[in-house]
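Visitor: Quick one: structure below, then a few questions.
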Amino acid sequence: MPRASPVWRRYLAWGGGTSSYQEIEETDCILLWGSNARETHPIFFHHLLAGLKRGAKLYAIDPRRTATAQWAEVWAGLDVGTDIALSNTMAREIIASGLANREFIDHATTGFEAYRDLVEPWTLERGAAETGVPAAVIREMAHTFATARRAIICWTLGITEHHTAVDNVMSLINLALLTGHVGRWGSGLNPLRGQNNVQGGGDMGALPDRLPGFQHVENDAVRAKFDAFYGVTVPPKKGWHLSDMFNAMDRGELRALYVIGENPVQSEADQHRATRLLEGLELLVVQDIFLTETARRADVVFPAAAGAFESAGTFTNSERRVQRVRKTLDPPGEAREDLAIICDLARRLGHDWTPDAEVIWNEVRQLSPVHAGMSYARLDQHSGLQWPCYDDQHPGELFLHGRLWERPVRGPRAPFSLVKHELPLDQLNAEFPLRLTTGRRLAEYNTGVQTGSYASPTRRGAVVAPVHVDQGLRPGLTFMTFHFPDDVATNMLTSDATDPLVSTAEFKATAVRIERA
Amino acid sequence: MSHDEISFHLPPPATAIPAPPPQPAPTMVPLTIDGRAIEVAAGSTLIDACKTLDITIPTLCYLETLTPVNACRVCVVEVEGARVLAPACSRQVEAGMVVQSRSARVDLSRKVVLELLGSSVDLSTAPGLSEMMAEYGARPERFQEVIGSASAVSSVAKPIKIDNDLYVRDYGKCVLCYKCVEACGTDAQHTFAIAVAGRGFNAHISTELDVPLPDSACVYCGNCIAVCPTGALMATPEFELRKAGEWRPETQAVTDTICPYCDVGCTLTVHVQDQQIVKVTSPFDNDVTRGNLCVKGRFGFEYVNK
């Protein structure tokens, strides 16, 4: 499943977008990086359009000339996988032009000198040659961003579905630190999450190294709190990311898997390998609303209720707003709420849990300081609250990291990261001369629910699909969606090269050739 | 394994709770409505001012989230000293204004406007319209009697347009309020798939070159349906149920939940009849959506219907 990299929390501590939707309406400069928000986040884009009407300048940084790019001041059509080269070039231009926010850098950051030295070779000429973006465009973006009174960077999977996912995000954080565009009204860094409640999953600790509320599992004090609350011992070591799990299956270390609401047979990169590994498990349990291709291979299938319509709970959105989800329909047949299934399973394992969403939410509030003030009553009253929300009086925070502007700085200073440009691992050559990138269309979504046929082989497989010429793609670039895996299994082609820290697969950069079928 | 401090410990809470920059206090404007003196912020409209006094002004083409277009004239009020009645939806307050929200002149104007609309347009599916007609004693058939037409709405009756699976356009019910054009255009969606074409009796809502919707710029967000005050634009499930005589809003459970697709977090107001989702809307006063949704949020529910 394509997923946004949650690891940027390593550098600003919180795993969430820093700004509110309201701020995108009141900012002066927006860098939309690797995001076709016009089609993938249409209602967020309404807020962005309000900002443009107010006079904000939008720069669309994307290999494809998308529907989003049509609204931009300039479309910066970079070559796939050259994001760090572009951001480092912008940084070098900002520093060389004397536009870095030295006051903020000295006050709230660390590691600036090393960063300056790292980006020093990235002149406009070199950046233009490496990225394919004209030097004048890079210069204009750098100057507009640095001199804007307020500026926001937003990104989507175009930044994170690369083997350099973490470094790509870090390079954007560097730009914000360099210019002081973080921790203030209308200035910030915002990942637009691809799937509903990706943010909520992270909030609740569905990450290998975190307990609910982004509390580190290897922190003894944090674990002691959970141990005392539950009367058990939480394992003191972080777990595996999804791609780590597949590697562990390969090594025979992971032999049983319980998959809830995910379809890795069709959504994982390098589908051949994913399918082989899942079929080799001793036990595969799948809990889903559909009998997916993964469920078909399962030993046990738990039919589940549809999250948004047939069960109760909360989702957290891309502005950190926790909102209530309410049951509107009874689930069909034997399907049951996820919570009921999990609590039944727990009962068989000797634990008596209450399958009630509000009871469990109140447990979260006791253990996660950033959610403590979000009672169901308050969530109803305020149409959701944005974390952190520390107590019953706290209104929630519109933007994060205001502490960096306090004097003296409250808490640790924010470090620059030394990130280097690396091309995608699936390199182009004479045999595979074209770049394939993937994405989502307006009316479709993931693997759930267009003249002439052409075959498109890569190093991992080949598919046959109709082609059409898209003027929005630069020479050498091809694009496919992954929505209809039963018709065209795009992820047969994609590379499972992953980021070493978060194991996000490089869905966005595959080397292909195209032949007449 | 070593941990940098910043990822291992949560940062301390900010000393001050983050807030937008302070706005200068608005200039207050004094005026009198129905003999009651009030002060409202400069730039407010008369309809805003009436709301603060709990005075309800009838409207058709007005919506909080859209720019007023002064098309329907149902909201007119009397401003002392003014030659003509003023549309409350767009007229801004001025110091010392004396306003009558109901007067013989206002009531007569509203009555005639409703009669003219009702005699030329099928208002049978316009929510609240029959109550409004009764309130002002509007009798659209008066004009029918004058022109001697058999059917009150025959003068501008038009065939229903069904050219896609998601919604139906019945322009025999259109009062040309422009709301759909605004929602599709600069007030929300910025898709510009529709506009008013033609003049006079021929004025109508049209796609570019009057092409069918699937050939137009339409992205099927349905934000036009959400703002339509008469049911001229209607999602297919509601249209089909009404046709079958099975549309029963009084039996529908209406529940707010959050959209299951992307992570913008749009509130979906789900209308359920007989364990089927029959309509999805979003509240106009919701800060995330302002009543707008995309094609997935508004129409992507068939997978949970049995």
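By order of appearance in the structure tokens: chains A, B, ..., then residues from 1 within every chain, and ligands from 1 in the order shown.
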Report as a PyMOL selection string the set of chain A residues whose atoms approach chain B to within 6 Å, with distances computed over only C-alpha atoms.

Guide: chain A and resi 10+13+185+193-197+216+308+317-318+325-326+329+397+403+411

Visitor: Those same residues - C-alpha atoms - I'd like them written as an mmCIF file, in the first residue's frame.

Guide:
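Final file, part39.cif:
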```cif
data_model
loop_
_atom_site.group_PDB
_atom_site.id
_atom_site.type_symbol
_atom_site.label_atom_id
_atom_site.label_comp_id
_atom_site.auth_asym_id
_atom_site.auth_seq_id
_atom_site.Cartn_x
_atom_site.Cartn_y
_atom_site.Cartn_z
ATOM 1 C CA ARG A 10 12.512 12.243 13.881
ATOM 2 C CA ALA A 13 9.496 15.199 16.955
ATOM 3 C CA TRP A 185 0.953 31.215 11.371
ATOM 4 C CA ARG A 193 -1.787 12.006 3.624
ATOM 5 C CA GLY A 194 -2.816 9.667 0.859
ATOM 6 C CA GLN A 195 -5.296 7.627 2.792
ATOM 7 C CA ASN A 196 -7.936 8.343 5.307
ATOM 8 C CA ASN A 197 -6.615 7.992 8.823
ATOM 9 C CA HIS A 216 9.040 6.092 21.740
ATOM 10 C CA ALA A 308 -16.452 4.963 7.832
ATOM 11 C CA ASN A 317 -6.960 14.116 9.226
ATOM 12 C CA SER A 318 -4.016 15.869 7.565
ATOM 13 C CA VAL A 325 -16.713 8.452 12.887
ATOM 14 C CA ARG A 326 -20.270 7.246 13.419
ATOM 15 C CA LEU A 329 -25.396 1.243 8.510
ATOM 16 C CA GLU A 397 -3.095 23.681 18.299
ATOM 17 C CA ARG A 403 8.318 26.719 20.592
ATOM 18 C CA GLY A 411 13.035 22.237 24.128
#
```

Visitor: Just want the 8 Å neighbourhood of A:Glu310, counted on only C-alpha atoms, with same-chain residues fewer than 2 positions away dropped. Output as a VMD selection string.

Guide: chain A and resid 305 to 308 312 326 to 331 337

Visitor: Any chance you can output those residues with N, CA and C atoms as an mmCIF file, in the first residue's frame?

Guide:
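Once written, out39.cif looks like this:
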```
data_model
loop_
_atom_site.group_PDB
_atom_site.id
_atom_site.type_symbol
_atom_site.label_atom_id
_atom_site.label_comp_id
_atom_site.auth_asym_id
_atom_site.auth_seq_id
_atom_site.Cartn_x
_atom_site.Cartn_y
_atom_site.Cartn_z
ATOM 1 N N ALA A 305 -16.609 -4.937 9.053
ATOM 2 C CA ALA A 305 -17.492 -3.819 8.730
ATOM 3 C C ALA A 305 -16.676 -2.711 8.076
ATOM 4 N N ALA A 306 -17.334 -1.917 7.220
ATOM 5 C CA ALA A 306 -16.654 -0.795 6.561
ATOM 6 C C ALA A 306 -16.442 0.329 7.576
ATOM 7 N N GLY A 307 -15.181 0.759 7.684
ATOM 8 C CA GLY A 307 -14.794 1.693 8.735
ATOM 9 C C GLY A 307 -15.653 2.931 8.841
ATOM 10 N N ALA A 308 -15.835 3.641 7.737
ATOM 11 C CA ALA A 308 -16.452 4.963 7.832
ATOM 12 C C ALA A 308 -17.965 4.905 7.992
ATOM 13 N N ALA A 312 -17.842 2.647 14.583
ATOM 14 C CA ALA A 312 -17.659 3.912 15.297
ATOM 15 C C ALA A 312 -16.215 4.057 15.726
ATOM 16 N N ARG A 326 -19.058 7.804 12.826
ATOM 17 C CA ARG A 326 -20.270 7.246 13.419
ATOM 18 C C ARG A 326 -20.846 6.163 12.529
ATOM 19 N N LYS A 327 -21.440 5.196 13.179
ATOM 20 C CA LYS A 327 -22.047 4.096 12.442
ATOM 21 C C LYS A 327 -23.324 4.580 11.759
ATOM 22 N N THR A 328 -23.423 4.346 10.460
ATOM 23 C CA THR A 328 -24.619 4.770 9.735
ATOM 24 C C THR A 328 -25.405 3.577 9.204
ATOM 25 N N LEU A 329 -24.759 2.434 9.082
ATOM 26 C CA LEU A 329 -25.396 1.243 8.510
ATOM 27 C C LEU A 329 -24.994 0.031 9.344
ATOM 28 N N ASP A 330 -25.839 -1.001 9.329
ATOM 29 C CA ASP A 330 -25.426 -2.277 9.899
ATOM 30 C C ASP A 330 -24.559 -2.991 8.871
ATOM 31 N N PRO A 331 -23.493 -3.637 9.310
ATOM 32 C CA PRO A 331 -22.673 -4.363 8.336
ATOM 33 C C PRO A 331 -23.454 -5.549 7.764
ATOM 34 N N GLU A 337 -17.680 -5.275 13.257
ATOM 35 C CA GLU A 337 -16.727 -4.186 13.449
ATOM 36 C C GLU A 337 -15.355 -4.737 13.801
#
```

Visitor: Where does DSSP see alpha helix (DSSP H) in stretch 41-133 of chain B, if you list the residues as JSON, numbers by chain?

Guide: {"B": [46, 47, 48, 49, 50, 51, 52, 104, 105, 106, 107, 108, 109, 110, 111, 112, 113, 114, 115, 116, 117, 118, 119, 120, 129, 130, 131, 132, 133]}

Visitor: Just to confirm, what's the straight-line distance from atom CA of A:Phe416 to atom CA of A:Gly111 in Å (one decimal)?

Guide: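 Between atom CA of A:Phe416 and atom CA of A:Gly111 the gap works out to 5.4 Å.
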
Visitor: Got a sec: who's within 12 Å of A:His351, counting only C-alpha atoms, leaving out chain neighbours fewer than 6 positions off, as JSON, numbers by chain?

Guide: {"A": [230, 231, 232, 342, 343, 344, 345]}

Visitor: Output C-alpha atoms for every residue in the selection just made, as an mmCIF file, in the first residue's frame.

Guide:
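Once everything was written out, this is out14.cif:
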```cif
data_model
loop_
_atom_site.group_PDB
_atom_site.id
_atom_site.type_symbol
_atom_site.label_atom_id
_atom_site.label_comp_id
_atom_site.auth_asym_id
_atom_site.auth_seq_id
_atom_site.Cartn_x
_atom_site.Cartn_y
_atom_site.Cartn_z
ATOM 1 C CA TYR A 230 -1.942 -2.548 31.523
ATOM 2 C CA GLY A 231 -0.132 -4.748 34.027
ATOM 3 C CA VAL A 232 2.004 -6.288 31.300
ATOM 4 C CA ILE A 342 -10.216 -7.992 17.851
ATOM 5 C CA CYS A 343 -11.859 -8.075 21.283
ATOM 6 C CA ASP A 344 -13.237 -11.572 20.583
ATOM 7 C CA LEU A 345 -9.815 -12.723 19.530
#
```

Visitor: Residues within 10 Å of B:Thr67, please, as an mmCIF file with C-alpha atoms, in the first residue's frame. Count only C-alpha atoms; anything in the same chain fewer than 5 positions from it doesn't count.

Guide:
```cif
data_model
loop_
_atom_site.group_PDB
_atom_site.id
_atom_site.type_symbol
_atom_site.label_atom_id
_atom_site.label_comp_id
_atom_site.auth_asym_id
_atom_site.auth_seq_id
_atom_site.Cartn_x
_atom_site.Cartn_y
_atom_site.Cartn_z
ATOM 1 C CA CYS B 61 -30.450 32.060 -4.519
ATOM 2 C CA TYR B 62 -28.589 32.960 -1.319
ATOM 3 C CA CYS B 89 -28.486 39.012 0.799
ATOM 4 C CA SER B 90 -26.073 41.502 -0.690
ATOM 5 C CA LYS B 179 -25.800 28.815 -7.330
ATOM 6 C CA GLU B 182 -20.938 29.694 -8.646
ATOM 7 C CA ALA B 183 -20.253 26.406 -6.843
ATOM 8 C CA THR B 186 -15.101 30.718 -8.429
ATOM 9 C CA ASP B 187 -16.922 30.138 -5.143
#
```

Visitor: Go ahead and compute the interatomic distance for atom CA of A:Pro208 and atom CA of A:Asp244, in Å to one decimal.

Guide: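 Taking atom CA of A:Pro208 as the start and atom CA of A:Asp244 as the end point, the length is 10.1 Å.
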
Visitor: Applying 7 Å and only C-alpha atoms, which residues near stretch 25-31 of chain A remain after dropping the ones on its own chain fewer than 6 positions away? List them as a list in words.

Guide: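 That gives His47, Leu48, Ala50, Gly51, Gly55, Ala56, Lys57, Leu58, Tyr59, Ala60, Phe145, Ala148, Arg149, Arg150, Ala151, Ile152, Ile153, Cys154, Gly186 and Ser187 of chain A.
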
Visitor: Between B:Gln144, B:Thr52, B:Ser103, B:Gln23, which residue has the minimum interatomic distance to B:Ala37, considering only C-alpha atoms?

Guide: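 Between B:Gln144, B:Thr52, B:Ser103, B:Gln23, the residue approaching B:Ala37 most closely is B:Thr52.
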
Visitor: Which residues in stretch 169-235 of chain B does DSSP call strand (DSSP E)? List them as a PyMOL selection string.

Guide: chain B and resi 169+194-197+204-207+233-235

Visitor: Tell me which protein, DNA and RNA residues are within 10 Å of stretch 235-246 of chain B, counting only C-alpha atoms, leaving out same-chain ones fewer than 6 positions away, and put them as a ChimeraX atom specification.

Guide: /B:125,162,164-169,222,225-226,273,277-280,298-299

Visitor: Grab the atom CA of A:Arg407 to atom CA of A:Val182 distance for me, in Å with one decimal place.

Guide: 15.6 Å

Visitor: Leaving out A:Arg255 and any residue of its chain fewer than 4 positions from it, which residues lie within 7 Å of it when counting only C-alpha atoms, given as a tab-separated table (two decimals) with N, CA and C atoms, in the first residue's frame?

Guide:
```
chain	number	residue	atom	x	y	z
A	249	MET	N	9.91	-12.52	6.23
A	249	MET	CA	9.25	-13.70	5.64
A	249	MET	C	10.24	-14.44	4.74
A	281	LEU	N	3.64	-18.34	3.89
A	281	LEU	CA	3.44	-18.23	5.34
A	281	LEU	C	2.78	-19.49	5.90
A	282	GLU	N	3.05	-19.75	7.18
A	282	GLU	CA	2.35	-20.87	7.82
A	282	GLU	C	0.91	-20.50	8.14
A	283	LEU	N	0.70	-19.22	8.48
A	283	LEU	CA	-0.65	-18.78	8.80
A	283	LEU	C	-0.85	-17.36	8.27
```

Visitor: Between A:Ala357, A:Ala67, A:Leu99, A:Leu423, which residue has the minimum interatomic distance to A:Gly472, considering only C-alpha atoms?

Guide: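 Selected residue with least distance to A:Gly472: A:Ala67.
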